[in-house]
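So this block is target-v3.csv, CSV, C-alpha atoms:
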```csv
chain,number,residue,atom,x,y,z
F,1,MET,CA,3.4,20.0,10.0
F,2,ASN,CA,6.6,18.1,10.1
F,3,ALA,CA,9.6,18.4,7.9
F,4,VAL,CA,12.5,16.1,7.4
F,5,SER,CA,14.8,17.6,10.0
F,6,SER,CA,18.6,17.3,9.9
F,7,SER,CA,18.5,14.9,12.8
F,8,GLU,CA,16.3,12.5,10.9
F,9,VAL,CA,17.6,10.0,8.3
F,10,GLU,CA,15.5,10.1,5.2
F,11,ILE,CA,14.7,6.9,3.3
F,12,ILE,CA,14.3,7.1,-0.5
F,13,THR,CA,14.4,3.5,-1.6
F,14,GLY,CA,13.5,0.0,-0.4
F,15,ASN,CA,10.3,-1.9,0.3
F,16,THR,CA,8.2,-1.3,3.3
F,17,ALA,CA,4.9,-2.7,4.8
F,18,ARG,CA,2.0,-1.2,6.6
F,19,TYR,CA,-0.6,-3.1,8.6
F,20,ILE,CA,-4.1,-2.4,7.2
F,21,LYS,CA,-6.8,-3.0,9.8
F,22,GLN,CA,-9.9,-5.0,8.7
F,23,LYS,CA,-12.1,-1.9,8.9
F,24,TRP,CA,-9.9,-0.2,6.3
F,25,VAL,CA,-10.4,-2.9,3.6
F,26,ASN,CA,-13.7,-3.4,1.8
F,27,ALA,CA,-15.0,-6.5,0.2
F,28,LEU,CA,-13.4,-5.6,-3.1
F,29,GLY,CA,-10.0,-5.2,-1.5
F,30,SER,CA,-10.0,-1.5,-1.8
F,31,VAL,CA,-8.1,0.3,1.0
F,32,ASP,CA,-9.6,3.3,2.8
F,33,PRO,CA,-7.3,6.3,2.6
F,34,THR,CA,-7.9,6.9,6.4
F,35,ALA,CA,-5.4,4.0,6.8
F,36,PHE,CA,-2.8,6.6,6.4
F,37,ASP,CA,-4.1,9.1,8.9
F,38,LEU,CA,-2.0,10.3,11.8
F,39,ARG,CA,-3.8,8.6,14.7
F,40,ALA,CA,-4.0,10.0,18.2
F,41,ASN,CA,-2.9,7.2,20.5
F,42,PRO,CA,-0.8,9.2,21.6
F,43,PRO,CA,-0.7,11.9,19.0
F,44,GLU,CA,1.3,10.5,16.1
F,45,LEU,CA,3.9,12.5,14.2
F,46,TYR,CA,4.3,9.9,11.6
F,47,VAL,CA,2.5,6.9,10.0
F,48,SER,CA,4.3,3.6,10.9
F,49,PHE,CA,5.8,1.3,8.3
F,50,TYR,CA,8.1,-1.7,8.6
F,51,MET,CA,11.1,-2.1,6.3
F,52,SER,CA,12.1,-5.5,4.9
F,53,ALA,CA,14.9,-6.5,2.5
F,54,GLU,CA,13.1,-9.7,1.5
F,55,ILE,CA,12.6,-9.8,-2.3
F,56,GLU,CA,10.3,-12.8,-2.5
F,57,SER,CA,6.7,-11.7,-1.9
F,58,MET,CA,5.6,-14.2,0.7
F,59,LYS,CA,8.9,-13.9,2.7
F,60,PHE,CA,8.4,-10.1,2.6
F,61,PHE,CA,4.9,-10.4,4.1
F,62,VAL,CA,5.8,-13.0,6.7
F,63,THR,CA,8.9,-11.0,7.9
F,64,SER,CA,6.9,-7.8,8.0
F,65,PHE,CA,3.9,-9.4,9.7
F,66,ASN,CA,6.2,-10.9,12.4
F,67,GLY,CA,7.9,-7.6,13.0
F,68,ILE,CA,4.7,-5.6,13.2
F,69,SER,CA,2.7,-8.1,15.2
F,70,SER,CA,5.5,-8.2,17.8
F,71,LYS,CA,4.7,-4.6,18.6
F,72,PHE,CA,1.0,-5.3,19.2
F,73,ARG,CA,-0.4,-6.1,22.6
F,74,ASN,CA,-2.9,-8.5,21.2
F,75,PRO,CA,-2.2,-10.9,18.3
F,76,ILE,CA,-3.1,-9.7,14.8
F,77,ASP,CA,-5.7,-12.1,13.3
F,78,SER,CA,-7.5,-10.0,10.8
F,79,GLY,CA,-6.9,-7.2,8.2
F,80,ALA,CA,-4.1,-7.2,5.7
F,81,MET,CA,-0.6,-6.2,5.0
F,82,ALA,CA,0.3,-3.7,2.2
F,83,ARG,CA,3.6,-3.7,0.5
F,84,PHE,CA,5.0,-0.4,-0.9
F,85,ASP,CA,8.1,0.5,-3.0
F,86,ILE,CA,9.2,3.7,-1.3
F,87,LYS,CA,10.7,5.1,-4.5
F,88,GLN,CA,7.4,4.6,-6.3
F,89,CYS,CA,5.5,6.2,-3.4
F,90,LEU,CA,7.7,9.2,-3.4
F,91,GLU,CA,7.5,9.6,-7.2
F,92,GLU,CA,3.7,9.2,-7.4
F,93,VAL,CA,2.8,11.3,-4.4
F,94,ASN,CA,5.4,14.0,-4.6
F,95,ASP,CA,4.6,14.9,-8.2
F,96,GLU,CA,4.7,18.7,-7.5
F,97,GLU,CA,6.5,21.1,-5.3
F,98,PRO,CA,6.6,21.2,-2.4
F,99,ALA,CA,6.8,17.5,-1.5
F,100,VAL,CA,3.9,16.1,0.5
F,101,ILE,CA,5.4,13.0,2.1
F,102,GLY,CA,8.8,11.7,3.2
F,103,PHE,CA,10.0,8.5,4.8
F,104,VAL,CA,12.4,8.6,7.8
F,105,GLU,CA,14.1,6.0,9.9
F,106,LYS,CA,12.5,5.3,13.3
F,107,ASN,CA,14.7,2.7,14.9
F,108,LEU,CA,14.9,0.4,11.8
F,109,PRO,CA,13.4,-1.7,10.5
F,110,HIS,CA,10.6,0.5,11.8
F,111,CYS,CA,10.2,3.6,9.7
F,112,GLY,CA,7.8,6.5,9.6
F,113,MET,CA,6.0,8.4,6.8
F,114,ILE,CA,5.6,12.1,7.6
F,115,TYR,CA,3.5,14.7,6.0
F,116,LEU,CA,5.4,17.8,4.9
F,117,VAL,CA,2.5,20.1,4.0
F,118,SER,CA,-0.8,21.2,5.6
F,119,ASP,CA,-2.9,21.6,2.4
F,120,LEU,CA,-6.0,19.3,2.9
F,121,THR,CA,-6.4,18.6,-0.8
F,122,ARG,CA,-2.8,17.5,-1.2
F,123,ILE,CA,-2.9,15.4,1.9
F,124,LEU,CA,-6.1,13.8,0.7
F,125,GLU,CA,-4.6,13.1,-2.7
F,126,ALA,CA,-1.5,11.6,-1.0
F,127,LYS,CA,-3.6,9.2,1.1
F,128,ALA,CA,-5.8,8.3,-2.0
F,129,THR,CA,-2.6,7.6,-4.0
F,130,LEU,CA,-1.2,5.4,-1.2
F,131,ALA,CA,-4.6,3.6,-0.9
F,132,PHE,CA,-4.5,3.0,-4.7
F,133,LEU,CA,-1.0,1.6,-4.6
F,134,ALA,CA,-1.9,-0.6,-1.6
F,135,LYS,CA,-4.7,-2.3,-3.4
F,136,SER,CA,-2.3,-3.9,-5.9
F,137,ASN,CA,0.1,-5.1,-3.2
F,138,LEU,CA,-2.2,-6.4,-0.5
F,139,MET,CA,-2.2,-9.7,1.3
F,140,ASN,CA,-4.7,-10.8,3.9
F,141,VAL,CA,-3.4,-11.6,7.3
F,142,SER,CA,-5.2,-15.0,7.2
F,143,GLU,CA,-3.2,-16.0,4.1
F,144,ILE,CA,0.1,-14.8,5.7
F,145,MET,CA,-0.6,-16.7,8.9
F,146,GLY,CA,-0.7,-19.9,6.9
F,147,HIS,CA,3.0,-19.3,6.1
F,148,VAL,CA,4.2,-18.1,9.5
U,1,MET,CA,-44.2,15.3,-7.0
U,2,SER,CA,-47.6,16.4,-5.6
U,3,ASP,CA,-48.0,17.8,-2.2
U,4,SER,CA,-50.1,14.8,-1.2
U,5,THR,CA,-47.0,12.6,-1.7
U,6,ARG,CA,-44.7,14.8,0.2
U,7,THR,CA,-42.8,13.1,3.0
U,8,THR,CA,-42.7,15.1,6.2
U,9,TYR,CA,-40.1,14.6,8.9
U,10,SER,CA,-40.2,15.2,12.6
U,11,SER,CA,-37.3,16.6,14.7
U,12,VAL,CA,-34.4,14.2,15.1
U,13,SER,CA,-31.0,14.1,16.7
U,14,ILE,CA,-28.1,11.9,15.8
U,15,TYR,CA,-27.2,11.7,19.5
U,16,SER,CA,-29.5,11.1,22.5
U,17,GLY,CA,-30.1,14.2,24.5
U,18,ASN,CA,-29.5,16.8,21.9
U,19,SER,CA,-32.2,19.4,21.3
U,20,PHE,CA,-33.8,20.1,18.0
U,21,ASN,CA,-33.7,23.5,16.4
U,22,ASP,CA,-37.0,24.5,14.8
U,23,ASN,CA,-35.6,27.9,13.5
U,24,VAL,CA,-34.8,26.3,10.2
U,25,TYR,CA,-38.4,25.6,9.4
U,26,PHE,CA,-39.0,28.6,7.1
U,27,GLU,CA,-35.8,27.9,5.2
U,28,SER,CA,-36.7,24.2,4.9
U,29,GLU,CA,-40.1,25.2,3.4
U,30,CYS,CA,-38.3,27.4,0.8
U,31,ARG,CA,-36.0,24.4,0.0
U,32,TYR,CA,-39.0,22.2,-0.5
U,33,LEU,CA,-40.7,24.6,-2.8
U,34,MET,CA,-37.6,25.2,-4.8
U,35,GLY,CA,-37.1,21.4,-5.1
U,36,LEU,CA,-40.7,21.1,-6.2
U,37,ALA,CA,-40.0,23.5,-9.0
U,38,LEU,CA,-36.7,22.1,-10.1
U,39,GLY,CA,-37.9,18.5,-9.6
U,40,ALA,CA,-40.1,18.8,-12.7
U,41,HIS,CA,-36.9,18.7,-14.7
U,42,ASP,CA,-34.6,16.6,-12.5
U,43,PRO,CA,-36.1,14.0,-10.1
U,44,PHE,CA,-32.8,13.9,-8.2
U,45,LEU,CA,-33.2,17.6,-7.3
U,46,ALA,CA,-36.7,16.9,-6.0
U,47,ASP,CA,-35.3,14.0,-3.8
U,48,PHE,CA,-32.4,16.1,-2.7
U,49,SER,CA,-34.5,19.0,-1.6
U,50,THR,CA,-36.8,16.7,0.4
U,51,TRP,CA,-33.7,15.2,2.0
U,52,ALA,CA,-32.2,18.7,2.6
U,53,GLU,CA,-35.4,19.7,4.4
U,54,PHE,CA,-34.9,16.7,6.7
U,55,ALA,CA,-31.1,17.3,7.1
U,56,ASP,CA,-31.7,20.9,8.1
U,57,ARG,CA,-33.5,19.6,11.1
U,58,VAL,CA,-30.9,17.1,12.2
U,59,ASP,CA,-28.8,18.1,15.2
U,60,CYS,CA,-25.3,16.8,14.7
U,61,SER,CA,-23.8,18.3,17.9
U,62,PHE,CA,-22.1,15.6,19.9
U,63,ALA,CA,-22.9,15.2,23.5
U,64,GLY,CA,-19.8,15.4,25.8
U,65,GLY,CA,-17.5,16.7,23.2
U,66,ASN,CA,-14.7,14.1,23.6
U,67,ALA,CA,-14.3,11.2,21.3
U,68,GLY,CA,-15.7,8.0,22.9
U,69,GLU,CA,-18.5,9.8,24.8
U,70,GLY,CA,-22.2,9.8,24.0
U,71,SER,CA,-24.3,7.2,22.3
U,72,VAL,CA,-26.0,7.2,18.9
U,73,SER,CA,-29.7,7.7,19.0
U,74,THR,CA,-31.8,5.2,17.2
U,75,GLN,CA,-34.3,8.0,16.7
U,76,PHE,CA,-32.2,9.3,13.8
U,77,ILE,CA,-32.0,6.0,11.9
U,78,ASN,CA,-35.7,5.4,12.5
U,79,SER,CA,-36.6,8.8,11.0
U,80,VAL,CA,-34.8,8.5,7.7
U,81,PRO,CA,-36.6,7.2,4.6
U,82,ASP,CA,-36.3,3.5,3.9
U,83,ASN,CA,-34.3,4.0,0.8
U,84,TYR,CA,-31.6,6.0,2.7
U,85,LYS,CA,-31.4,3.8,5.7
U,86,ASN,CA,-28.4,1.7,4.5
U,87,THR,CA,-26.3,4.7,3.6
U,88,CYS,CA,-27.2,6.5,6.9
U,89,SER,CA,-26.3,3.3,8.8
U,90,VAL,CA,-22.8,3.4,7.2
U,91,PHE,CA,-22.6,7.1,8.2
U,92,LEU,CA,-23.5,6.3,11.8
U,93,GLU,CA,-21.2,3.2,11.9
U,94,ALA,CA,-18.3,5.4,10.9
U,95,ILE,CA,-19.0,7.8,13.8
U,96,ASN,CA,-19.5,4.9,16.2
U,97,ASN,CA,-16.3,3.2,15.1
U,98,TYR,CA,-14.3,6.3,15.6
U,99,ARG,CA,-15.7,7.0,19.0
U,100,HIS,CA,-15.1,3.4,20.0
U,101,GLU,CA,-11.5,3.5,18.8
U,102,PHE,CA,-10.7,6.6,20.7
U,103,GLU,CA,-12.8,5.9,23.8
U,104,GLY,CA,-11.1,7.3,26.9
U,105,ILE,CA,-8.3,9.0,24.9
U,106,SER,CA,-8.6,12.6,26.0
U,107,ASN,CA,-6.2,14.0,23.3
U,108,ALA,CA,-8.0,12.3,20.4
U,109,ARG,CA,-9.2,14.6,17.7
U,110,LYS,CA,-12.9,15.3,18.2
U,111,ILE,CA,-15.4,14.6,15.5
U,112,SER,CA,-16.3,17.9,13.8
U,113,SER,CA,-20.1,18.2,14.3
U,114,LYS,CA,-20.2,20.8,11.5
U,115,SER,CA,-18.4,18.4,9.2
U,116,ALA,CA,-20.9,15.7,10.1
U,117,LYS,CA,-23.8,18.0,9.5
U,118,ASN,CA,-22.4,19.1,6.1
U,119,PHE,CA,-21.7,15.4,5.2
U,120,LEU,CA,-25.3,14.5,5.9
U,121,TYR,CA,-26.4,16.5,2.8
U,122,LEU,CA,-24.4,14.1,0.6
U,123,ILE,CA,-26.5,11.1,1.6
U,124,PRO,CA,-28.8,11.2,-1.5
U,125,ILE,CA,-25.7,11.3,-3.7
U,126,LEU,CA,-23.8,8.6,-1.8
U,127,ASN,CA,-26.9,6.4,-1.8
U,128,ARG,CA,-26.2,5.6,-5.5
U,129,TYR,CA,-22.9,4.0,-4.6
U,130,HIS,CA,-21.3,1.7,-1.9
U,131,PRO,CA,-19.5,4.3,0.2
U,132,GLN,CA,-16.8,3.6,2.7
U,133,ILE,CA,-17.3,6.4,5.3
U,134,SER,CA,-14.7,7.3,7.9
U,135,VAL,CA,-13.7,10.0,10.3
U,136,ASP,CA,-10.4,11.4,9.3
U,137,ALA,CA,-8.3,11.1,12.5
U,138,ASP,CA,-6.0,14.1,11.5
U,139,THR,CA,-8.9,16.6,11.3
U,140,GLY,CA,-12.0,15.0,12.8
U,141,TYR,CA,-13.8,15.6,9.4
U,142,LEU,CA,-16.0,13.0,7.7
U,143,SER,CA,-14.6,11.4,4.6
U,144,VAL,CA,-15.9,9.0,2.0
U,145,THR,CA,-14.2,6.7,-0.4
U,146,LEU,CA,-15.8,5.1,-3.5
U,147,SER,CA,-14.2,2.3,-5.4
U,148,GLY,CA,-14.9,2.0,-9.1
U,149,SER,CA,-15.3,-1.1,-11.2
U,150,GLY,CA,-11.6,-1.0,-12.0
U,151,ALA,CA,-8.7,-0.1,-9.8
U,152,ASN,CA,-9.8,3.5,-9.5
U,153,LEU,CA,-11.0,5.2,-6.3
U,154,LEU,CA,-12.4,8.6,-5.4
U,155,SER,CA,-12.0,10.0,-1.9
U,156,ALA,CA,-13.7,13.2,-0.6
U,157,LEU,CA,-13.4,15.0,2.7
U,158,VAL,CA,-16.0,17.4,4.0
U,159,THR,CA,-14.8,20.2,6.2
U,160,ASP,CA,-16.5,22.2,9.0
U,161,LYS,CA,-16.6,25.2,6.6
U,162,GLY,CA,-18.5,23.1,4.0
U,163,ASP,CA,-15.7,22.7,1.5
U,164,VAL,CA,-15.4,19.3,-0.2
U,165,HIS,CA,-11.8,18.3,-0.9
U,166,PHE,CA,-11.7,15.4,-3.4
U,167,SER,CA,-9.2,13.2,-5.2
U,168,LEU,CA,-9.7,10.7,-8.0
U,169,VAL,CA,-6.9,8.2,-8.5
U,170,GLU,CA,-7.1,5.7,-11.4
U,171,SER,CA,-4.8,3.7,-13.6
U,172,GLY,CA,-3.8,5.0,-17.0
U,173,LYS,CA,-0.4,4.5,-18.6
U,174,ARG,CA,0.8,6.0,-15.3
U,175,ILE,CA,-1.3,6.8,-12.3
U,176,PHE,CA,-3.8,9.5,-13.2
U,177,LYS,CA,-5.0,11.9,-10.6
U,178,LEU,CA,-7.7,14.6,-10.5
U,179,SER,CA,-7.9,16.6,-7.3
U,180,GLY,CA,-9.5,19.8,-6.1
U,181,VAL,CA,-11.9,21.4,-3.7
U,182,ALA,CA,-15.6,22.3,-4.1
U,183,LYS,CA,-16.6,25.4,-2.2
U,184,VAL,CA,-20.1,25.0,-0.9
U,185,LYS,CA,-21.5,28.1,0.8
U,186,ASP,CA,-25.2,27.0,1.1
U,187,SER,CA,-26.1,23.5,2.1
U,188,TYR,CA,-28.7,23.3,-0.7
U,189,ASP,CA,-25.8,23.5,-3.2
U,190,TYR,CA,-24.5,20.1,-2.0
U,191,ASN,CA,-26.7,18.8,-4.7
U,192,LYS,CA,-24.0,20.0,-7.1
U,193,VAL,CA,-21.4,17.9,-5.4
U,194,ARG,CA,-22.7,14.9,-7.3
U,195,LYS,CA,-20.6,16.2,-10.2
U,196,ILE,CA,-17.6,15.1,-8.3
U,197,PHE,CA,-18.8,11.6,-7.7
U,198,GLU,CA,-19.7,11.3,-11.3
U,199,LEU,CA,-16.0,11.5,-12.1
U,200,LEU,CA,-15.7,7.9,-11.0
```
Write out the structure in this file as structure tokens.
Amino acid sequence: MNAVSSSEVEIITGNTARYIKQKWVNALGSVDPTAFDLRANPPELYVSFYMSAEIESMKFFVTSFNGISSKFRNPIDSGAMARFDIKQCLEEVNDEEPAVIGFVEKNLPHCGMIYLVSDLTRILEAKATLAFLAKSNLMNVSEIMGHV
Amino acid sequence: MSDSTRTTYSSVSIYSGNSFNDNVYFESECRYLMGLALGAHDPFLADFSTWAEFADRVDCSFAGGNAGEGSVSTQFINSVPDNYKNTCSVFLEAINNYRHEFEGISNARKISSKSAKNFLYLIPILNRYHPQISVDADTGYLSVTLSGSGANLLSALVTDKGDVHFSLVESGKRIFKLSGVAKVKDSYDYNKVRKIFELL
């Protein structure tokens, strides 16, 4: 497992976005917790997020969408973007010791969420909590593209 | 449930080319008889024991070993009872999607065949819901998420050892969470895991 090392800059406030693939969203708008897995392409050490200082909701999603889609080989035309308040994520997920997640700078505005423990139940709970938070701050890519 | 109405299953494999292990036959018969006795009081247990007898015979080992290799056998889906076909299709789709996503990536986490096998015993329970089934890319274990009528959700992860880690998250005055692990040492006891899903 990772830890926030002295060489990494920890982020504790701000708003950040994650691209949620279509297969991770069901018809009711619920997000699959596997959206917060460490993928293996190549083996990831963190879950990618994109920071934005935009306050207004649509501006936030458009800025984040543009930033994230510029990193993709193929255009993003499906799925959704989820908005997270980092302070809220840390408070709701890290509600016991030791902390389960942390956010660190990864060449801003790109940032990474790292897992700090290896306990399966706690990681599952963290992912479920993030999926729960995502549901209330989710916008479909099709809707965002209408404002790009 | 009379013996004349009993459904019998033939050998099946999730993946083409895998062999079927008949050594579980005696154990399956015991499960069936146990289910018959218990089913008099709880129809779910009768259904579960019939399903467990079938699941005992399913080979979940994955040909090739690496993600992205092998192909799903239609034999499996053709063998399951009609009322479980939809849920089993979701189960197979999750496996196929994962294998497709990581096709050709040699360092991808392999799907745990033991987890897949253990997960299979949950089908009669999940059949009551609309499950989102996935392969957890961190571990290769099968996971399922159920969404409730409100903003609540329940997620469960089945390990190769048989444990079921679960987490319920729902809105209260703050976010309410209930998490834990069910330790299942015999596959027949997966019928008790329904208590977890009833939390939703």
If I take atom CA of Gly79 of chain F and atom CA of Met139 of chain F, how far is one from the other in Å, to one decimal?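 Going from atom CA of Gly79 of chain F over to atom CA of Met139 of chain F, I get 8.7 Å.
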Counting only C-alpha atoms, the option among U:Lys173, U:Ala108, U:Asp160, U:Arg194 closest to chain F: U:Ala108
Separation of atom CA of Glu143 of chain F from atom CA of Asp77 of chain F in Å: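 Atom CA of Glu143 of chain F lies at a distance of 10.3 Å from atom CA of Asp77 of chain F.
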Distance of atom CA of Thr13 of chain F from atom CA of Phe65 of chain F, expressed in Å to one decimal place: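 So the two atoms, atom CA of Phe65 of chain F and atom CA of Thr13 of chain F, lie 20.1 Å apart.
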Expected residue set, 12 Å radius at (-30.8, 7.3, 8.8), only C-alpha atoms, as a ChimeraX atom specification: /U:9,12-14,51,54-55,58,72-93,120-121,123-124,127
Hey, which of F:Phe132, F:Phe103, F:Tyr115, F:Phe49 ends up closest to chain U? Count all atoms listed in the file.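 Ranking F:Phe132, F:Phe103, F:Tyr115, F:Phe49 by distance to chain U, first place goes to F:Phe132.
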